[in-house]
>>> print(open('data23.pdb').read())   # PDB, C-alpha atoms and all ligand atoms
ATOM      1  CA  MET X   1      29.108 -41.090 -56.494
ATOM      2  CA  LYS X   2      32.553 -42.646 -56.450
ATOM      3  CA  TYR X   3      35.805 -41.448 -54.931
ATOM      4  CA  TYR X   4      39.477 -42.193 -55.457
ATOM      5  CA  ILE X   5      42.286 -41.164 -53.095
ATOM      6  CA  ILE X   6      45.854 -40.480 -54.232
ATOM      7  CA  THR X   7      48.298 -40.481 -51.324
ATOM      8  CA  TYR X   8      51.809 -39.058 -51.247
ATOM      9  CA  GLY X   9      54.357 -39.151 -48.455
ATOM     10  CA  CYS X  10      54.641 -40.791 -45.098
ATOM     11  CA  GLN X  11      52.784 -43.371 -43.045
ATOM     12  CA  MET X  12      50.905 -40.530 -41.367
ATOM     13  CA  ASN X  13      49.387 -39.533 -44.721
ATOM     14  CA  LYS X  14      48.463 -43.137 -45.495
ATOM     15  CA  SER X  15      46.648 -43.369 -42.199
ATOM     16  CA  ASP X  16      44.932 -40.020 -42.835
ATOM     17  CA  SER X  17      43.736 -41.302 -46.217
ATOM     18  CA  GLU X  18      42.031 -44.201 -44.444
ATOM     19  CA  ARG X  19      40.200 -41.678 -42.304
ATOM     20  CA  ILE X  20      39.173 -39.640 -45.332
ATOM     21  CA  ALA X  21      37.823 -42.816 -46.969
ATOM     22  CA  TYR X  22      35.830 -43.592 -43.847
ATOM     23  CA  LEU X  23      34.291 -40.115 -43.794
ATOM     24  CA  LEU X  24      33.446 -40.195 -47.506
ATOM     25  CA  GLU X  25      31.803 -43.579 -47.191
ATOM     26  CA  LYS X  26      29.770 -42.305 -44.272
ATOM     27  CA  LYS X  27      28.523 -39.608 -46.650
ATOM     28  CA  GLY X  28      27.459 -42.261 -49.162
ATOM     29  CA  TYR X  29      30.459 -42.300 -51.516
ATOM     30  CA  LYS X  30      31.728 -45.609 -52.877
ATOM     31  CA  PRO X  31      35.371 -46.362 -53.683
ATOM     32  CA  ALA X  32      36.313 -46.277 -57.392
ATOM     33  CA  THR X  33      38.787 -48.772 -58.815
ATOM     34  CA  SER X  34      40.665 -46.076 -60.722
ATOM     35  CA  GLU X  35      40.807 -42.302 -60.901
ATOM     36  CA  LYS X  36      39.137 -42.428 -64.330
ATOM     37  CA  ARG X  37      36.010 -43.973 -62.801
ATOM     38  CA  ALA X  38      35.838 -41.543 -59.900
ATOM     39  CA  ASP X  39      33.577 -38.497 -59.568
ATOM     40  CA  LEU X  40      35.658 -37.129 -56.728
ATOM     41  CA  ILE X  41      39.424 -37.328 -56.402
ATOM     42  CA  VAL X  42      41.156 -36.607 -53.128
ATOM     43  CA  ILE X  43      44.858 -35.813 -53.306
ATOM     44  CA  ASN X  44      46.521 -36.238 -49.940
ATOM     45  CA  MET X  45      49.621 -34.189 -50.533
ATOM     46  CA  CYS X  46      53.152 -34.188 -49.106
ATOM     47  CA  SER X  47      55.348 -31.091 -49.391
ATOM     48  CA  VAL X  48      58.392 -32.502 -47.624
ATOM     49  CA  ARG X  49      60.195 -33.232 -50.905
ATOM     50  CA  GLN X  50      59.979 -31.221 -54.111
ATOM     51  CA  VAL X  51      59.672 -34.447 -56.151
ATOM     52  CA  ALA X  52      56.351 -35.292 -54.458
ATOM     53  CA  VAL X  53      55.037 -31.747 -55.032
ATOM     54  CA  ASP X  54      55.972 -31.916 -58.738
ATOM     55  CA  ARG X  55      54.246 -35.296 -59.069
ATOM     56  CA  ALA X  56      51.082 -34.028 -57.380
ATOM     57  CA  PHE X  57      51.004 -30.954 -59.628
ATOM     58  CA  GLY X  58      51.472 -33.126 -62.720
ATOM     59  CA  ARG X  59      48.638 -35.378 -61.601
ATOM     60  CA  ILE X  60      46.317 -32.425 -60.997
ATOM     61  CA  SER X  61      46.929 -31.055 -64.505
ATOM     62  CA  SER X  62      46.184 -34.447 -66.044
ATOM     63  CA  LEU X  63      42.908 -34.801 -64.126
ATOM     64  CA  LYS X  64      40.771 -32.454 -66.131
ATOM     65  CA  ASP X  65      36.968 -32.305 -65.590
ATOM     66  CA  LYS X  66      37.178 -33.982 -62.209
ATOM     67  CA  LYS X  67      36.252 -32.607 -58.835
ATOM     68  CA  ILE X  68      39.490 -32.595 -56.864
ATOM     69  CA  ILE X  69      39.992 -32.043 -53.156
ATOM     70  CA  LEU X  70      43.529 -31.326 -52.030
ATOM     71  CA  THR X  71      44.506 -31.983 -48.426
ATOM     72  CA  GLY X  72      47.463 -33.070 -46.283
ATOM     73  CA  CYS X  73      50.740 -31.109 -46.264
ATOM     74  CA  VAL X  74      50.048 -28.167 -48.594
ATOM     75  CA  LEU X  75      52.170 -25.034 -48.583
ATOM     76  CA  LYS X  76      50.455 -21.642 -48.630
ATOM     77  CA  GLN X  77      51.909 -20.662 -51.990
ATOM     78  CA  ASP X  78      50.817 -23.987 -53.521
ATOM     79  CA  ARG X  79      47.292 -23.413 -52.193
ATOM     80  CA  GLU X  80      47.231 -20.027 -53.918
ATOM     81  CA  ARG X  81      48.562 -21.496 -57.149
ATOM     82  CA  LEU X  82      45.986 -24.261 -57.200
ATOM     83  CA  LYS X  83      42.940 -22.565 -55.757
ATOM     84  CA  ASN X  84      41.137 -22.248 -59.082
ATOM     85  CA  LYS X  85      41.767 -25.836 -60.062
ATOM     86  CA  VAL X  86      41.063 -27.695 -56.841
ATOM     87  CA  GLU X  87      39.304 -27.341 -53.515
ATOM     88  CA  VAL X  88      41.855 -27.183 -50.715
ATOM     89  CA  VAL X  89      40.645 -28.636 -47.417
ATOM     90  CA  ASP X  90      42.545 -28.516 -44.145
ATOM     91  CA  PHE X  91      43.093 -31.840 -42.534
ATOM     92  CA  ASP X  92      42.581 -30.443 -39.032
ATOM     93  CA  ASP X  93      38.832 -30.988 -38.988
ATOM     94  CA  LEU X  94      39.176 -34.534 -40.162
ATOM     95  CA  PHE X  95      41.835 -35.169 -37.567
ATOM     96  CA  LYS X  96      39.549 -34.065 -34.779
ATOM     97  CA  THR X  97      36.887 -36.552 -35.782
ATOM     98  CA  LYS X  98      36.741 -39.822 -33.954
ATOM     99  CA  ALA X  99      36.656 -41.639 -37.264
ATOM    100  CA  LYS X 100      38.005 -45.142 -37.103
ATOM    101  CA  THR X 101      39.952 -46.536 -40.026
ATOM    102  CA  ARG X 102      37.861 -48.130 -42.745
ATOM    103  CA  TYR X 103      39.856 -51.313 -42.837
ATOM    104  CA  PRO X 104      41.545 -51.998 -39.567
ATOM    105  CA  GLN X 105      45.174 -51.394 -40.464
ATOM    106  CA  GLY X 106      46.479 -50.735 -37.006
ATOM    107  CA  PHE X 107      47.732 -47.181 -37.587
ATOM    108  CA  ILE X 108      46.778 -44.762 -34.842
ATOM    109  CA  PRO X 109      47.755 -41.090 -35.203
ATOM    110  CA  ILE X 110      48.240 -39.817 -31.680
ATOM    111  CA  MET X 111      49.419 -36.332 -32.474
ATOM    112  CA  GLU X 112      49.507 -33.882 -35.324
ATOM    113  CA  GLY X 113      51.931 -31.137 -36.312
ATOM    114  CA  CYS X 114      55.364 -30.229 -35.022
ATOM    115  CA  ASP X 115      56.825 -27.410 -32.928
ATOM    116  CA  ASN X 116      60.482 -28.065 -33.664
ATOM    117  CA  PHE X 117      61.014 -25.903 -36.744
ATOM    118  CA  CYS X 118      64.015 -27.710 -38.155
ATOM    119  CA  THR X 119      65.188 -25.144 -40.652
ATOM    120  CA  TYR X 120      64.810 -27.380 -43.735
ATOM    121  CA  CYS X 121      61.338 -28.741 -42.940
ATOM    122  CA  VAL X 122      57.857 -27.660 -44.037
ATOM    123  CA  VAL X 123      55.879 -29.773 -41.584
ATOM    124  CA  PRO X 124      55.373 -27.012 -38.957
ATOM    125  CA  PHE X 125      53.974 -24.809 -41.747
ATOM    126  CA  THR X 126      51.787 -27.394 -43.460
ATOM    127  CA  ARG X 127      50.619 -29.431 -40.470
ATOM    128  CA  GLY X 128      50.719 -26.659 -37.905
ATOM    129  CA  ARG X 129      51.718 -26.728 -34.262
ATOM    130  CA  GLU X 130      51.594 -29.867 -32.169
ATOM    131  CA  CYS X 131      48.232 -31.063 -30.921
ATOM    132  CA  TYR X 132      47.668 -34.332 -29.136
ATOM    133  CA  ARG X 133      44.826 -36.808 -28.966
ATOM    134  CA  LYS X 134      43.681 -37.754 -25.488
ATOM    135  CA  GLU X 135      45.400 -40.791 -23.989
ATOM    136  CA  LYS X 136      42.045 -42.384 -23.145
ATOM    137  CA  GLU X 137      40.833 -42.029 -26.720
ATOM    138  CA  VAL X 138      44.040 -43.576 -28.121
ATOM    139  CA  ILE X 139      43.834 -46.540 -25.726
ATOM    140  CA  LYS X 140      40.173 -47.063 -26.630
ATOM    141  CA  GLU X 141      41.036 -47.078 -30.325
ATOM    142  CA  ALA X 142      43.914 -49.516 -29.717
ATOM    143  CA  LYS X 143      41.601 -51.851 -27.771
ATOM    144  CA  GLY X 144      39.048 -51.719 -30.590
ATOM    145  CA  LEU X 145      41.650 -52.612 -33.212
ATOM    146  CA  ILE X 146      43.053 -55.470 -31.125
ATOM    147  CA  LYS X 147      39.536 -56.813 -30.648
ATOM    148  CA  LYS X 148      39.167 -56.831 -34.434
ATOM    149  CA  GLY X 149      42.223 -59.060 -34.654
ATOM    150  CA  ILE X 150      44.871 -56.512 -35.572
ATOM    151  CA  LYS X 151      48.313 -57.905 -34.831
ATOM    152  CA  GLU X 152      50.337 -54.720 -35.009
ATOM    153  CA  ILE X 153      49.500 -51.305 -33.577
ATOM    154  CA  THR X 154      51.564 -48.466 -35.057
ATOM    155  CA  LEU X 155      51.372 -45.161 -33.222
ATOM    156  CA  LEU X 156      51.981 -42.222 -35.511
ATOM    157  CA  GLY X 157      53.122 -38.647 -35.026
ATOM    158  CA  GLN X 158      55.613 -36.347 -36.733
ATOM    159  CA  ASN X 159      57.327 -35.841 -33.400
ATOM    160  CA  ILE X 160      55.913 -38.692 -31.379
ATOM    161  CA  ALA X 161      58.307 -38.708 -28.433
ATOM    162  CA  SER X 162      57.068 -35.237 -27.458
ATOM    163  CA  TYR X 163      53.565 -36.632 -26.783
ATOM    164  CA  PRO X 164      52.873 -35.815 -23.111
ATOM    165  CA  ASN X 165      54.008 -38.853 -21.177
ATOM    166  CA  PHE X 166      54.570 -41.064 -24.192
ATOM    167  CA  PRO X 167      56.268 -43.800 -22.106
ATOM    168  CA  ARG X 168      53.094 -44.052 -19.976
ATOM    169  CA  LEU X 169      50.932 -44.358 -23.092
ATOM    170  CA  LEU X 170      53.174 -47.174 -24.362
ATOM    171  CA  ARG X 171      52.967 -48.975 -21.029
ATOM    172  CA  GLU X 172      49.164 -48.656 -21.027
ATOM    173  CA  ILE X 173      48.853 -50.084 -24.541
ATOM    174  CA  ASP X 174      51.304 -52.797 -23.587
ATOM    175  CA  LYS X 175      48.946 -53.863 -20.775
ATOM    176  CA  ILE X 176      46.065 -54.555 -23.188
ATOM    177  CA  LYS X 177      45.485 -58.291 -23.355
ATOM    178  CA  GLY X 178      46.083 -59.998 -26.669
ATOM    179  CA  ASN X 179      48.661 -61.241 -29.085
ATOM    180  CA  PHE X 180      49.867 -58.082 -30.851
ATOM    181  CA  ARG X 181      52.949 -55.938 -31.382
ATOM    182  CA  ILE X 182      53.451 -52.203 -30.924
ATOM    183  CA  SER X 183      55.580 -49.853 -32.993
ATOM    184  CA  PHE X 184      55.809 -46.081 -33.336
ATOM    185  CA  LEU X 185      57.086 -43.372 -35.691
ATOM    186  CA  THR X 186      58.899 -40.863 -35.676
ATOM    187  CA  SER X 187      61.059 -39.839 -32.736
ATOM    188  CA  HIS X 188      63.215 -36.762 -32.377
ATOM    189  CA  PRO X 189      66.486 -37.651 -30.581
ATOM    190  CA  LYS X 190      66.130 -34.714 -28.182
ATOM    191  CA  ASP X 191      62.862 -36.138 -26.791
ATOM    192  CA  PHE X 192      64.046 -39.747 -26.493
ATOM    193  CA  SER X 193      64.057 -40.025 -22.702
ATOM    194  CA  ASP X 194      65.409 -42.654 -20.328
ATOM    195  CA  GLU X 195      61.809 -43.404 -19.405
ATOM    196  CA  LEU X 196      61.011 -44.165 -23.016
ATOM    197  CA  ILE X 197      64.017 -46.481 -23.296
ATOM    198  CA  LYS X 198      62.851 -48.313 -20.148
ATOM    199  CA  ALA X 199      59.284 -48.618 -21.447
ATOM    200  CA  ILE X 200      60.598 -50.326 -24.582
ATOM    201  CA  ARG X 201      63.027 -52.488 -22.615
ATOM    202  CA  ASP X 202      60.336 -53.698 -20.209
ATOM    203  CA  SER X 203      57.822 -54.572 -22.903
ATOM    204  CA  LYS X 204      57.466 -57.859 -24.736
ATOM    205  CA  LYS X 205      55.101 -56.292 -27.255
ATOM    206  CA  ILE X 206      57.008 -53.204 -28.422
ATOM    207  CA  LYS X 207      59.043 -53.955 -31.543
ATOM    208  CA  ARG X 208      62.811 -53.894 -31.155
ATOM    209  CA  TYR X 209      63.122 -51.220 -33.810
ATOM    210  CA  ILE X 210      63.632 -47.472 -33.471
ATOM    211  CA  HIS X 211      63.752 -44.875 -36.221
ATOM    212  CA  LEU X 212      65.857 -42.006 -34.948
ATOM    213  CA  PRO X 213      66.648 -39.368 -37.583
ATOM    214  CA  VAL X 214      70.106 -37.845 -37.120
ATOM    215  CA  GLN X 215      70.225 -35.702 -40.317
ATOM    216  CA  SER X 216      73.910 -34.744 -39.940
ATOM    217  CA  GLY X 217      76.969 -35.679 -37.910
ATOM    218  CA  ASN X 218      78.474 -32.199 -37.882
ATOM    219  CA  ASN X 219      77.683 -29.926 -34.967
ATOM    220  CA  GLU X 220      77.694 -26.696 -36.990
ATOM    221  CA  ILE X 221      75.317 -28.143 -39.552
ATOM    222  CA  LEU X 222      73.116 -29.590 -36.793
ATOM    223  CA  LYS X 223      72.937 -26.129 -35.281
ATOM    224  CA  LYS X 224      72.053 -24.579 -38.631
ATOM    225  CA  MET X 225      69.372 -27.252 -38.986
ATOM    226  CA  ASN X 226      68.063 -26.341 -35.509
ATOM    227  CA  ARG X 227      68.181 -29.970 -34.410
ATOM    228  CA  LYS X 228      69.023 -29.163 -30.773
ATOM    229  CA  TYR X 229      71.547 -31.974 -30.172
ATOM    230  CA  THR X 230      75.192 -32.583 -30.991
ATOM    231  CA  LYS X 231      76.890 -35.503 -32.687
ATOM    232  CA  GLU X 232      78.243 -36.579 -29.289
ATOM    233  CA  GLN X 233      74.807 -36.447 -27.624
ATOM    234  CA  TYR X 234      73.293 -38.478 -30.445
ATOM    235  CA  LEU X 235      75.987 -41.157 -30.248
ATOM    236  CA  LYS X 236      75.617 -41.295 -26.488
ATOM    237  CA  LEU X 237      71.875 -41.806 -26.856
ATOM    238  CA  ILE X 238      72.418 -44.670 -29.305
ATOM    239  CA  GLU X 239      74.901 -46.240 -26.926
ATOM    240  CA  LYS X 240      72.436 -45.959 -24.041
ATOM    241  CA  ILE X 241      69.615 -47.501 -26.099
ATOM    242  CA  ARG X 242      71.820 -50.403 -27.221
ATOM    243  CA  LYS X 243      73.010 -51.022 -23.684
ATOM    244  CA  GLU X 244      69.466 -51.197 -22.283
ATOM    245  CA  ILE X 245      67.800 -52.981 -25.204
ATOM    246  CA  THR X 246      70.422 -55.370 -26.498
ATOM    247  CA  ASP X 247      68.436 -56.712 -29.487
ATOM    248  CA  ILE X 248      67.386 -53.275 -30.788
ATOM    249  CA  GLU X 249      67.626 -52.259 -34.471
ATOM    250  CA  ILE X 250      68.110 -48.583 -35.230
ATOM    251  CA  SER X 251      67.480 -46.747 -38.483
ATOM    252  CA  THR X 252      67.995 -43.108 -39.335
ATOM    253  CA  ASP X 253      67.482 -40.286 -41.835
ATOM    254  CA  ALA X 254      70.299 -38.096 -43.106
ATOM    255  CA  ILE X 255      70.383 -35.084 -45.378
ATOM    256  CA  VAL X 256      73.493 -34.450 -47.465
ATOM    257  CA  GLY X 257      74.436 -31.143 -49.053
ATOM    258  CA  PHE X 258      72.694 -28.846 -46.579
ATOM    259  CA  PRO X 259      73.594 -25.200 -47.467
ATOM    260  CA  GLY X 260      77.229 -24.541 -46.643
ATOM    261  CA  GLU X 261      78.086 -28.186 -45.843
ATOM    262  CA  ASN X 262      81.745 -28.602 -46.801
ATOM    263  CA  LYS X 263      83.649 -31.840 -47.320
ATOM    264  CA  LYS X 264      85.133 -31.774 -43.850
ATOM    265  CA  GLN X 265      81.714 -31.332 -42.243
ATOM    266  CA  PHE X 266      80.340 -34.160 -44.344
ATOM    267  CA  GLN X 267      83.161 -36.376 -43.042
ATOM    268  CA  ASP X 268      81.687 -35.944 -39.552
ATOM    269  CA  THR X 269      78.489 -37.553 -40.816
ATOM    270  CA  VAL X 270      80.562 -40.377 -42.336
ATOM    271  CA  ASP X 271      82.281 -40.798 -38.968
ATOM    272  CA  LEU X 272      78.937 -40.830 -37.145
ATOM    273  CA  PHE X 273      77.596 -43.481 -39.516
ATOM    274  CA  LYS X 274      80.662 -45.638 -38.886
ATOM    275  CA  LYS X 275      80.238 -45.340 -35.136
ATOM    276  CA  ALA X 276      76.447 -45.654 -34.985
ATOM    277  CA  LYS X 277      76.316 -48.813 -37.154
ATOM    278  CA  PHE X 278      72.734 -48.236 -38.255
ATOM    279  CA  ASN X 279      70.634 -51.161 -39.419
ATOM    280  CA  ASN X 280      69.060 -48.973 -42.068
ATOM    281  CA  ALA X 281      69.240 -45.367 -43.247
ATOM    282  CA  TYR X 282      67.253 -43.130 -45.571
ATOM    283  CA  ILE X 283      69.556 -40.636 -47.227
ATOM    284  CA  SER X 284      68.266 -37.607 -49.092
ATOM    285  CA  SER X 285      69.981 -34.808 -50.968
ATOM    286  CA  TYR X 286      69.024 -31.407 -49.628
ATOM    287  CA  SER X 287      66.505 -29.442 -51.670
ATOM    288  CA  PRO X 288      65.184 -26.075 -50.461
ATOM    289  CA  ARG X 289      61.545 -26.085 -49.377
ATOM    290  CA  PRO X 290      59.717 -22.793 -49.850
ATOM    291  CA  GLY X 291      59.045 -20.815 -46.696
ATOM    292  CA  THR X 292      61.624 -22.588 -44.529
ATOM    293  CA  ALA X 293      64.513 -20.739 -42.880
ATOM    294  CA  ALA X 294      67.108 -22.798 -44.770
ATOM    295  CA  SER X 295      65.580 -21.818 -48.109
ATOM    296  CA  ARG X 296      66.761 -18.251 -47.463
ATOM    297  CA  THR X 297      70.399 -19.414 -47.546
ATOM    298  CA  LYS X 298      72.039 -20.291 -50.825
ATOM    299  CA  ASP X 299      71.704 -23.931 -51.850
ATOM    300  CA  ASN X 300      75.400 -23.985 -52.721
ATOM    301  CA  VAL X 301      76.391 -27.659 -52.792
ATOM    302  CA  PRO X 302      76.288 -28.853 -56.417
ATOM    303  CA  LEU X 303      73.838 -31.660 -57.167
ATOM    304  CA  LYS X 304      76.639 -33.993 -58.320
ATOM    305  CA  GLU X 305      78.445 -33.519 -55.034
ATOM    306  CA  LYS X 306      75.224 -34.182 -53.083
ATOM    307  CA  GLU X 307      74.696 -37.414 -55.013
ATOM    308  CA  LYS X 308      78.291 -38.445 -54.355
ATOM    309  CA  ARG X 309      77.898 -37.837 -50.621
ATOM    310  CA  ALA X 310      74.578 -39.710 -50.534
ATOM    311  CA  GLU X 311      76.224 -42.689 -52.214
ATOM    312  CA  ILE X 312      79.083 -42.702 -49.700
ATOM    313  CA  LEU X 313      76.592 -42.878 -46.804
ATOM    314  CA  ARG X 314      74.457 -45.527 -48.497
ATOM    315  CA  LYS X 315      77.488 -47.788 -48.687
ATOM    316  CA  LEU X 316      78.047 -47.450 -44.955
ATOM    317  CA  PHE X 317      75.202 -49.508 -43.571
TER
HETATM  318  S1  LIG O   1      61.096 -32.620 -35.991
HETATM  319 FE1  LIG O   1      60.657 -33.583 -37.974
HETATM  320  S2  LIG O   1      58.625 -32.808 -38.563
HETATM  321 FE2  LIG O   1      59.376 -31.478 -36.913
HETATM  322  S3  LIG O   1      60.350 -29.752 -37.982
HETATM  323 FE3  LIG O   1      61.961 -31.255 -37.544
HETATM  324  S4  LIG O   1      62.075 -32.566 -39.380
HETATM  325 FE4  LIG O   1      60.139 -31.418 -39.479
END
>>> encode(input="data23.pdb", output="structure tokens", more="lines below")
Ligand code: SF4
Amino acid sequence: MKYYIITYGCQMNKSDSERIAYLLEKKGYKPATSEKRADLIVINMCSVRQVAVDRAFGRISSLKDKKIILTGCVLKQDRERLKNKVEVVDFDDLFKTKAKTRYPQGFIPIMEGCDNFCTYCVVPFTRGRECYRKEKEVIKEAKGLIKKGIKEITLLGQNIASYPNFPRLLREIDKIKGNFRISFLTSHPKDFSDELIKAIRDSKKIKRYIHLPVQSGNNEILKKMNRKYTKEQYLKLIEKIRKEITDIEISTDAIVGFPGENKKQFQDTVDLFKKAKFNNAYISSYSPRPGTAASRTKDNVPLKEKEKRAEILRKLF
């Protein structure tokens, strides 16, 4: 029996797919070189953007006569829609296994889910509430990967800075002997503590790169997004990070055209971008995700205007 895995979305999903492969191979499956040659197809789904959902649905319709397992970030209504075509499996059970990655890639998920409920985001609904792997277990996995010759350890979590005592975990991994680097994704600005900044500053192994999604530079929009910080607090945090870690690179995510965002509010994001001087930024146009709080408000910024705003921000870094 052969399997083929189709992965959508973030680094977390890519790492999860490695775990799925490991489990399937333990059950005697062999990897197929293409989906055509596979007896079993696993779709590791992402519901964060509508484009990815549409692509996954298209793929499922084209894969007739195949056994398909759907996992990852799947919304309840999508499960219902697809339940006769595919088998939907929760990732939770797989996550709790101690499965190591099939090929040592250096990705270590340390937590799963998110409790923040940003009003535009489906992650708390698809991945559930936060649960954390034990520190000991994570360190053991890191040691194992370093022993295998892995040169970069990437710790993964949707809301990684909320891991209980994340700075301590970083310091512990930093102490492991060997020639390797450490990176981590993704941090919420509200959880980015002074302790965390110091742990990065004091380490020679942690990469001088932080991804810190801001989403908007307008305080009213930030409040509507339930981001729990203001433009001023965010800029202050960036300033503090740059002061402590002088060679740091910072990237961000921003959403343009959130419901009700007017031109003046958008200008606050432009202003924030000018002040923050990001090294990189991922800009997306808002699209309502089913089930989220924001999807109950009218998506009233025209697509053309969203694209225009996205372009303005893209030119700013
Ligand atoms: S912190 Fe990130 S994953 Fe959690 S709800 Fe907000 S956007 Fe989604």
>>> residues_around(input="data23.pdb", residues="Lys264 in chain X", least_positions_apart="2", cutoff="12 Å", atoms="only C-alpha atoms", output="list of chain:residue names")
X:Gly217, X:Asn218, X:Asn219, X:Glu220, X:Ile221, X:Gly257, X:Gly260, X:Glu261, X:Asn262, X:Phe266, X:Gln267, X:Asp268, X:Thr269, X:Val270, X:Asp271, X:Arg309
>>> write_last_selection(input="data23.pdb", atoms="C-alpha atoms", output="compact mmCIF listing (two decimals), keeping the file's coordinate frame")
# COMPACT_ATOMS: atom_id res chain seq x y z
CA GLY X 217 76.97 -35.68 -37.91
CA ASN X 218 78.47 -32.20 -37.88
CA ASN X 219 77.68 -29.93 -34.97
CA GLU X 220 77.69 -26.70 -36.99
CA ILE X 221 75.32 -28.14 -39.55
CA GLY X 257 74.44 -31.14 -49.05
CA GLY X 260 77.23 -24.54 -46.64
CA GLU X 261 78.09 -28.19 -45.84
CA ASN X 262 81.74 -28.60 -46.80
CA PHE X 266 80.34 -34.16 -44.34
CA GLN X 267 83.16 -36.38 -43.04
CA ASP X 268 81.69 -35.94 -39.55
CA THR X 269 78.49 -37.55 -40.82
CA VAL X 270 80.56 -40.38 -42.34
CA ASP X 271 82.28 -40.80 -38.97
CA ARG X 309 77.90 -37.84 -50.62
>>> residues_around(input="data23.pdb", residues="Gln50 in chain X", least_positions_apart="2", cutoff="10 Å", atoms="only C-alpha atoms", output="ChimeraX atom specification")
/X:46-48,52-56,287-290
>>> resolve_selection(input="data23.pdb", expression="the PyMOL selection byres (((chain X and resi 176) around 12) and not hetatm)", output="VMD selection string")
chain X and resid 139 to 147 153 169 to 175 177 to 182 203 to 205
>>> residues_near_ligand(input="data23.pdb", ligand="ligand LIG 1 (chain O)", cutoff="12 Å", atoms="all atoms listed in the file", output="ChimeraX atom specification")
/X:10,12,46-49,73,111-130,156-162,185-191,211-215,222,225-229,253-255,289,292-294
>>> residues_around(input="data23.pdb", residues="Ala38 in chain X", least_positions_apart="2", cutoff="12 Å", atoms="all atoms listed in the file", output="ChimeraX atom specification")
/X:1-6,29-36,40-42,63,65-68
>>> closest_residue(input="data23.pdb", among="X:Met45, X:Lys275, X:Ser62, X:Ser285", to="Asp78 in chain X", atoms="only C-alpha atoms")
X:Met45
>>> residues_around(input="data23.pdb", residues="range 194-198 of chain X", least_positions_apart="4", cutoff="10 Å", atoms="all atoms listed in the file", output="list in words")
Ala161, Asn165, Phe166, Pro167, Arg168, Leu170, Arg171, Asp202, Ser203, Leu237, Lys240, Ile241, Arg242, Glu244 and Ile245 of chain X
>>> closest_residue(input="data23.pdb", among="X:Tyr22, X:Tyr132, X:Phe192, X:Phe107", to="Leu155 in chain X", atoms="only C-alpha atoms")
X:Phe107
>>> resolve_selection(input="data23.pdb", expression="the PyMOL selection byres (((chain X and resi 44) around 6) and not hetatm)", output="NGL selection string")
:X and (7 or 43 or 45 or 71-72)
>>> axis_aligned_box(input="data23.pdb", around="range 311-315 of chain X", padding_each_side="3 Å", output="lines of an AutoDock Vina configuration file")
center_x = 76.8
center_y = -45.2
center_z = -49.5
size_x = 10.6
size_y = 11.1
size_z = 11.4
>>> atom_distance(input="data23.pdb", atom1="CA of Arg314 in chain X", atom2="CA of Lys263 in chain X")
16.5 Å
>>> atom_distance(input="data23.pdb", atom1="CA of Leu316 in chain X", atom2="CA of Ser284 in chain X")
14.5 Å
>>> resolve_selection(input="data23.pdb", expression="the PyMOL selection byres (((chain X and resi 86) around 8) and not hetatm)", output="count of residues only")
10
>>> atom_distance(input="data23.pdb", atom1="CA of Arg208 in chain X", atom2="CA of Asn279 in chain X")
11.7 Å
